[in-house]
$ cat query-v4.cif   # mmCIF, C-alpha atoms
data_target
loop_
_atom_site.label_atom_id
_atom_site.label_comp_id
_atom_site.auth_asym_id
_atom_site.auth_seq_id
_atom_site.Cartn_x
_atom_site.Cartn_y
_atom_site.Cartn_z
CA MET A 10 1.23 -14.13 4.46
CA ILE A 11 3.39 -11.81 6.58
CA PRO A 12 3.77 -8.43 4.82
CA GLY A 13 7.26 -7.15 4.10
CA TYR A 14 9.12 -5.00 6.62
CA ILE A 15 10.16 -1.44 5.70
CA ASP A 16 12.55 0.64 7.84
CA ARG A 17 11.19 3.68 9.67
CA TRP A 18 13.48 6.13 7.84
CA ARG A 19 12.44 4.70 4.47
CA ILE A 20 8.75 5.05 5.28
CA ALA A 21 9.29 8.68 6.31
CA SER A 22 11.12 9.40 3.04
CA MET A 23 8.39 7.72 1.00
CA ARG A 24 5.67 9.76 2.67
CA ALA A 25 7.68 12.95 2.09
CA SER A 26 7.75 12.10 -1.65
CA ASN A 27 3.98 11.46 -1.79
CA LYS A 28 2.44 14.14 -4.06
CA PRO A 29 -1.26 15.11 -4.30
CA THR A 30 -3.21 13.56 -7.17
CA ASP A 31 -3.21 16.79 -9.20
CA LYS A 32 0.59 17.07 -8.90
CA ARG A 33 1.40 13.68 -10.42
CA GLY A 34 2.74 13.64 -13.96
CA PHE A 35 3.20 9.89 -14.55
CA ILE A 36 0.33 7.52 -15.26
CA MET A 37 2.39 4.53 -14.14
CA VAL A 38 5.87 3.61 -12.95
CA PHE A 39 8.01 0.56 -12.38
CA HIS A 40 11.72 0.57 -11.60
CA GLY A 41 13.44 -2.51 -10.22
CA HIS A 42 15.75 -5.41 -10.87
CA HIS A 43 15.09 -7.73 -13.80
CA PRO A 44 16.72 -10.65 -15.65
CA GLY A 45 19.06 -8.24 -17.43
CA SER A 46 20.43 -6.79 -14.17
CA ASN A 47 20.32 -9.64 -11.67
CA ALA A 48 21.01 -13.34 -12.24
CA MET A 49 18.46 -14.29 -9.56
CA TYR A 50 15.65 -13.07 -11.81
CA VAL A 51 16.98 -15.26 -14.62
CA GLN A 52 16.98 -18.26 -12.28
CA PHE A 53 13.37 -17.67 -11.28
CA GLN A 54 12.28 -16.78 -14.83
CA ALA A 55 10.95 -13.35 -13.92
CA VAL A 56 10.26 -12.57 -17.57
CA LEU A 57 7.27 -10.37 -16.73
CA ARG A 58 9.58 -7.51 -15.79
CA THR A 59 11.26 -7.72 -19.18
CA LYS A 60 7.83 -7.67 -20.82
CA ILE A 61 6.97 -4.49 -18.90
CA PHE A 62 10.06 -2.77 -20.27
CA GLU A 63 9.34 -3.95 -23.82
CA SER A 64 5.69 -2.86 -23.66
CA PHE A 65 5.96 0.55 -22.01
CA SER A 66 9.45 2.01 -22.56
CA GLY A 67 9.54 5.35 -24.37
CA ILE A 68 5.99 6.46 -23.51
CA ARG A 69 6.03 10.09 -22.37
CA ASP A 70 4.06 9.75 -19.11
CA VAL A 71 5.28 6.25 -18.21
CA SER A 72 8.54 5.52 -16.39
CA VAL A 73 9.84 1.95 -16.47
CA GLY A 74 13.31 0.45 -16.25
CA GLY A 75 15.99 -0.68 -13.86
CA PRO A 76 16.90 0.96 -10.54
CA VAL A 77 17.25 4.77 -10.68
CA ASP A 78 18.63 7.33 -8.23
CA ASP A 79 15.39 9.35 -8.14
CA PHE A 80 13.19 6.29 -7.50
CA PHE A 81 11.32 7.93 -4.60
CA GLU A 82 10.50 11.03 -6.63
CA ARG A 83 9.15 9.02 -9.56
CA MET A 84 7.04 6.78 -7.34
CA GLY A 85 5.62 9.81 -5.53
CA ARG A 86 4.67 11.46 -8.81
CA SER A 87 2.88 8.49 -10.40
CA HIS A 88 -0.81 7.60 -10.18
CA PHE A 89 -0.18 3.85 -10.55
CA CYS A 90 2.77 1.63 -9.59
CA LEU A 91 3.23 -1.68 -11.38
CA VAL A 92 3.84 -4.49 -8.90
CA PRO A 93 5.09 -7.52 -10.86
CA ARG A 94 6.11 -10.75 -9.16
CA GLY A 95 9.85 -11.15 -8.72
CA SER A 96 11.71 -14.21 -7.46
CA SER A 97 8.47 -15.23 -5.70
CA ALA A 98 4.78 -14.33 -5.86
CA TRP A 99 5.13 -11.40 -3.42
CA THR A 100 7.29 -8.28 -3.68
CA ILE A 101 8.16 -5.37 -1.37
CA HIS A 102 7.00 -2.98 -4.11
CA LEU A 103 3.41 -3.63 -3.04
CA TYR A 104 3.93 -2.39 0.52
CA GLU A 105 6.01 0.58 -0.60
CA SER A 106 3.11 1.78 -2.75
CA PHE A 107 1.01 2.50 0.36
CA PHE A 108 3.49 5.11 1.58
CA PHE A 109 4.08 6.65 -1.84
CA GLY A 110 0.31 6.99 -2.34
CA CYS A 111 0.85 5.21 -5.65
CA ILE A 112 -2.05 2.86 -6.50
CA PRO A 113 -0.61 -0.66 -6.91
CA VAL A 114 -1.29 -2.61 -10.09
CA ILE A 115 -0.71 -6.18 -8.92
CA LEU A 116 0.80 -8.40 -11.61
CA SER A 117 1.16 -11.68 -9.76
CA ASP A 118 -1.55 -14.29 -10.38
CA MET A 119 -0.67 -16.47 -7.37
CA PHE A 120 -0.22 -13.69 -4.83
CA GLU A 121 -2.84 -13.77 -2.06
CA MET A 122 -3.34 -10.35 -0.49
CA PRO A 123 -2.70 -10.01 3.28
CA PHE A 124 -5.27 -8.69 5.78
CA GLN A 125 -8.22 -9.34 3.46
CA GLU A 126 -10.60 -9.21 6.42
CA LEU A 127 -9.47 -5.64 7.14
CA ILE A 128 -8.48 -4.09 3.82
CA ASP A 129 -10.82 -3.58 0.87
CA TRP A 130 -8.20 -4.39 -1.77
CA PRO A 131 -10.41 -3.79 -4.86
CA ALA A 132 -11.07 -0.25 -3.58
CA LEU A 133 -7.37 0.71 -3.51
CA SER A 134 -5.60 -1.47 -6.07
CA VAL A 135 -5.86 -3.07 -9.51
CA LYS A 136 -5.28 -6.80 -10.11
CA TRP A 137 -4.30 -7.57 -13.72
CA PRO A 138 -3.58 -10.99 -15.30
CA MET A 139 0.12 -11.51 -15.94
CA HIS A 140 -0.41 -12.86 -19.46
CA GLU A 141 -2.32 -9.72 -20.47
CA VAL A 142 0.38 -7.20 -19.61
CA GLY A 143 0.71 -4.85 -22.56
CA PRO A 144 -1.06 -1.88 -24.22
CA PRO A 145 -4.57 -2.88 -22.94
CA LEU A 146 -3.34 -2.40 -19.36
CA LEU A 147 -2.22 1.15 -20.08
CA GLU A 148 -5.49 1.89 -21.89
CA TYR A 149 -7.45 0.65 -18.89
CA LEU A 150 -5.50 2.79 -16.42
CA ARG A 151 -5.99 5.86 -18.61
CA SER A 152 -9.75 5.22 -18.68
CA ILE A 153 -10.14 5.52 -14.89
CA PRO A 154 -11.56 8.99 -14.05
CA LEU A 155 -9.25 11.24 -12.04
CA GLU A 156 -11.88 11.50 -9.29
CA ARG A 157 -11.80 7.72 -8.92
CA VAL A 158 -7.99 7.73 -8.89
CA ALA A 159 -8.03 10.31 -6.07
CA GLU A 160 -10.48 8.19 -4.07
CA MET A 161 -8.35 5.06 -4.53
CA LYS A 162 -5.30 7.01 -3.39
CA ARG A 163 -7.16 8.21 -0.30
CA ARG A 164 -8.15 4.66 0.64
CA LEU A 165 -4.60 3.45 0.00
CA GLU A 166 -3.17 6.01 2.40
CA GLU A 167 -5.80 5.21 5.03
CA ALA A 168 -4.72 1.56 4.99
CA SER A 169 -0.99 2.31 5.13
CA CYS A 170 -0.95 2.01 8.93
CA PHE A 171 -1.41 -1.77 8.61
CA PHE A 172 2.05 -2.00 7.01
CA ASP A 173 3.87 0.48 9.23
CA TYR A 174 5.38 -1.54 12.06
CA HIS A 175 6.75 1.59 13.74
CA SER A 176 3.42 3.25 14.51
CA GLY A 177 2.69 2.63 18.15
CA TRP A 178 2.64 -1.18 18.32
CA ALA A 179 3.04 -2.24 21.96
CA PRO A 180 1.72 -4.60 24.62
CA HIS A 181 -1.62 -3.45 25.99
CA ASP A 182 -1.32 -1.05 28.92
CA PRO A 183 -4.42 -1.37 31.16
CA ARG A 184 -3.79 2.12 32.52
CA ASP A 185 -4.78 3.69 29.20
CA GLU A 186 -8.44 4.61 29.22
CA LYS A 187 -9.18 5.06 25.53
CA GLY A 188 -7.79 5.31 22.03
CA TRP A 189 -6.70 1.72 21.41
CA LEU A 190 -7.47 -0.60 18.52
CA ASN A 191 -7.38 -4.35 19.17
CA TRP A 192 -4.91 -6.30 17.03
CA GLY A 193 -4.49 -9.91 18.03
CA GLU A 194 -3.74 -11.28 21.47
CA ASP A 195 -2.13 -8.73 23.80
CA LEU A 196 -1.16 -6.43 20.91
CA ILE A 197 -2.69 -3.08 20.15
CA THR A 198 -1.97 0.07 18.16
CA ARG A 199 -3.01 3.59 18.98
CA ALA A 200 -6.16 4.63 17.11
CA ASN A 201 -4.54 7.82 15.83
CA ASP A 202 -2.09 5.72 13.79
CA CYS A 203 -4.95 5.16 11.33
CA GLU A 204 -6.42 8.26 9.73
CA ARG A 205 -9.83 6.63 9.56
CA LEU A 206 -9.91 6.44 13.36
CA ALA A 207 -7.89 9.53 14.19
CA SER A 208 -10.87 11.81 13.56
CA VAL A 209 -13.03 9.93 16.07
CA GLU A 210 -13.06 11.26 19.61
CA VAL A 211 -14.18 8.37 21.80
CA GLN A 212 -15.49 9.93 24.99
CA ASP A 213 -18.01 7.35 26.16
CA LEU A 214 -19.41 3.90 25.44
CA VAL A 215 -22.03 5.22 23.01
CA ALA A 216 -19.38 7.04 21.00
CA CYS A 217 -17.24 3.91 21.06
CA ARG A 218 -19.98 1.83 19.45
CA ALA A 219 -20.78 4.58 16.95
CA ALA A 220 -17.13 4.79 15.92
CA CYS A 221 -17.01 1.09 15.07
CA GLU A 222 -20.37 1.12 13.31
CA ALA A 223 -19.24 4.04 11.14
CA HIS A 224 -16.17 2.17 9.91
CA ALA A 225 -16.68 -1.29 8.45
CA GLN A 226 -13.01 -2.16 8.95
CA CYS A 227 -13.03 -1.29 12.63
CA ASN A 228 -12.15 -4.20 14.91
CA THR A 229 -13.00 -2.94 18.37
CA ILE A 230 -12.07 0.26 20.14
CA ASN A 231 -11.34 -0.60 23.73
CA TYR A 232 -13.29 1.66 26.06
CA ARG A 233 -12.83 1.98 29.78
CA ALA A 234 -14.72 4.60 31.75
CA SER A 235 -12.63 7.19 33.56
CA ASP A 236 -12.09 6.62 37.23
#
$ encode --input "query-v4.cif" --output "structure tokens"
Amino acid sequence: MIPGYIDRWRIASMRASNKPTDKRGFIMVFHGHHPGSNAMYVQFQAVLRTKIFESFSGIRDVSVGGPVDDFFERMGRSHFCLVPRGSSAWTIHLYESFFFGCIPVILSDMFEMPFQELIDWPALSVKWPMHEVGPPLLEYLRSIPLERVAEMKRRLEEASCFFDYHSGWAPHDPRDEKGWLNWGEDLITRANDCERLASVEVQDLVACRAACEAHAQCNTINYRASD
């Protein structure tokens, strides 16, 4: 699974719309195309989106429907974002949620999450069976304590760097002495692109090991002693 690509300007706008937990007035949001607005969704029988509208329309602190002009604002003011399958099992709505700080509620039974060896998906998202979408889902989301919601949001934002392809990806430069995170063959990203590593000052080999041991998701921080 290769995660969806999002333009740099769009990511910046999403992050600018990202409100703190205590400033969010919606419990959940979904706005997107559906069988009533796009023939493609009729062809692929994306009836789940219609079910979302039927189940949650008209609820005061829920915002669901077709595309809206203030989409960014609504996403940035919601605790949870519904992520239903569309014309296929995956959807760009999942990756957008990381930048909005809006905890994704994944409604796609066949969707296999990317980067499972790096991202603790249960700690930052909710997976809900498609056939059970309805009032019990809303009741469950309301039952999650606000402290837990804030922690899930924090973890979501920490992992957002894995879906931002504009954050320092480059071929490895052997002249750099520190501050690199390994990512596949000959590809690296600067450690300060991830908040979980940005706070770590790697000054020597001991600190390098300690940084990785302190973060279960850490691959390897390349360390090279100063000349």
$ residues_around --input "query-v4.cif" --residues "Asp129 of chain A" --least-positions-apart "3" --cutoff "12 Å" --atoms "all atoms listed in the file" --output "list of chain:residue names"
A:Met122, A:Pro123, A:Phe124, A:Gln125, A:Glu126, A:Ala132, A:Leu133, A:Ser134, A:Val135, A:Met161, A:Arg164, A:Leu165, A:Glu167, A:Ala168, A:His224, A:Ala225, A:Gln226
$ closest_residue --input "query-v4.cif" --among "A:Val77, A:Ala25, A:Leu116, A:Val142" --to "His42 of chain A" --atoms "all atoms listed in the file"
A:Val77
$ residues_around --input "query-v4.cif" --residues "segment 146-160 of chain A" --least-positions-apart "3" --cutoff "6 Å" --atoms "all atoms listed in the file" --output "list in words"
Thr30, Gly143 and Arg163 of chain A
$ write_last_selection --input "query-v4.cif" --atoms "C-alpha atoms" --output "mmCIF file, in the frame of the given file"
data_model
loop_
_atom_site.group_PDB
_atom_site.id
_atom_site.type_symbol
_atom_site.label_atom_id
_atom_site.label_comp_id
_atom_site.auth_asym_id
_atom_site.auth_seq_id
_atom_site.Cartn_x
_atom_site.Cartn_y
_atom_site.Cartn_z
ATOM 1 C CA THR A 30 -3.210 13.560 -7.170
ATOM 2 C CA GLY A 143 0.710 -4.850 -22.560
ATOM 3 C CA ARG A 163 -7.160 8.210 -0.300
#
$ residues_around --input "query-v4.cif" --residues "Phe35 of chain A" --least-positions-apart "4" --cutoff "9 Å" --atoms "all atoms listed in the file" --output "list in words"
Arg69, Asp70, Val71, Ser72, Arg83, Met84, Arg86, Ser87, His88 and Phe89 of chain A
$ resolve_selection --input "query-v4.cif" --expression "the PyMOL selection byres ((chain A and resi 118) around 7)" --output "PyMOL selection string"
chain A and resi 116-117+119-120+138-139
$ atom_distance --input "query-v4.cif" --atom1 "atom CA of Ile115 of chain A" --atom2 "atom CA of Gly85 of chain A"
17.5 Å
$ resolve_selection --input "query-v4.cif" --expression "the PyMOL selection byres ((chain A and resi 76) around 6)" --output "number ranges by chain"
A: 40-41, 75, 77
$ closest_residue --input "query-v4.cif" --among "A:Glu82, A:Ile61, A:Leu91, A:Tyr104" --to "Lys32 of chain A" --atoms "only C-alpha atoms"
A:Glu82
$ atom_distance --input "query-v4.cif" --atom1 "atom CA of Phe172 of chain A" --atom2 "atom CA of Leu103 of chain A"
10.3 Å
$ atom_distance --input "query-v4.cif" --atom1 "atom CA of Val38 of chain A" --atom2 "atom CA of Arg94 of chain A"
14.9 Å
$ closest_residue --input "query-v4.cif" --among "A:Ile101, A:Phe108, A:Val73, A:Gly67" --to "Asp173 of chain A" --atoms "only C-alpha atoms"
A:Phe108
$ closest_residue --input "query-v4.cif" --among "A:Leu57, A:Cys111, A:Ile15, A:Cys170" --to "Pro29 of chain A" --atoms "all atoms listed in the file"
A:Cys111
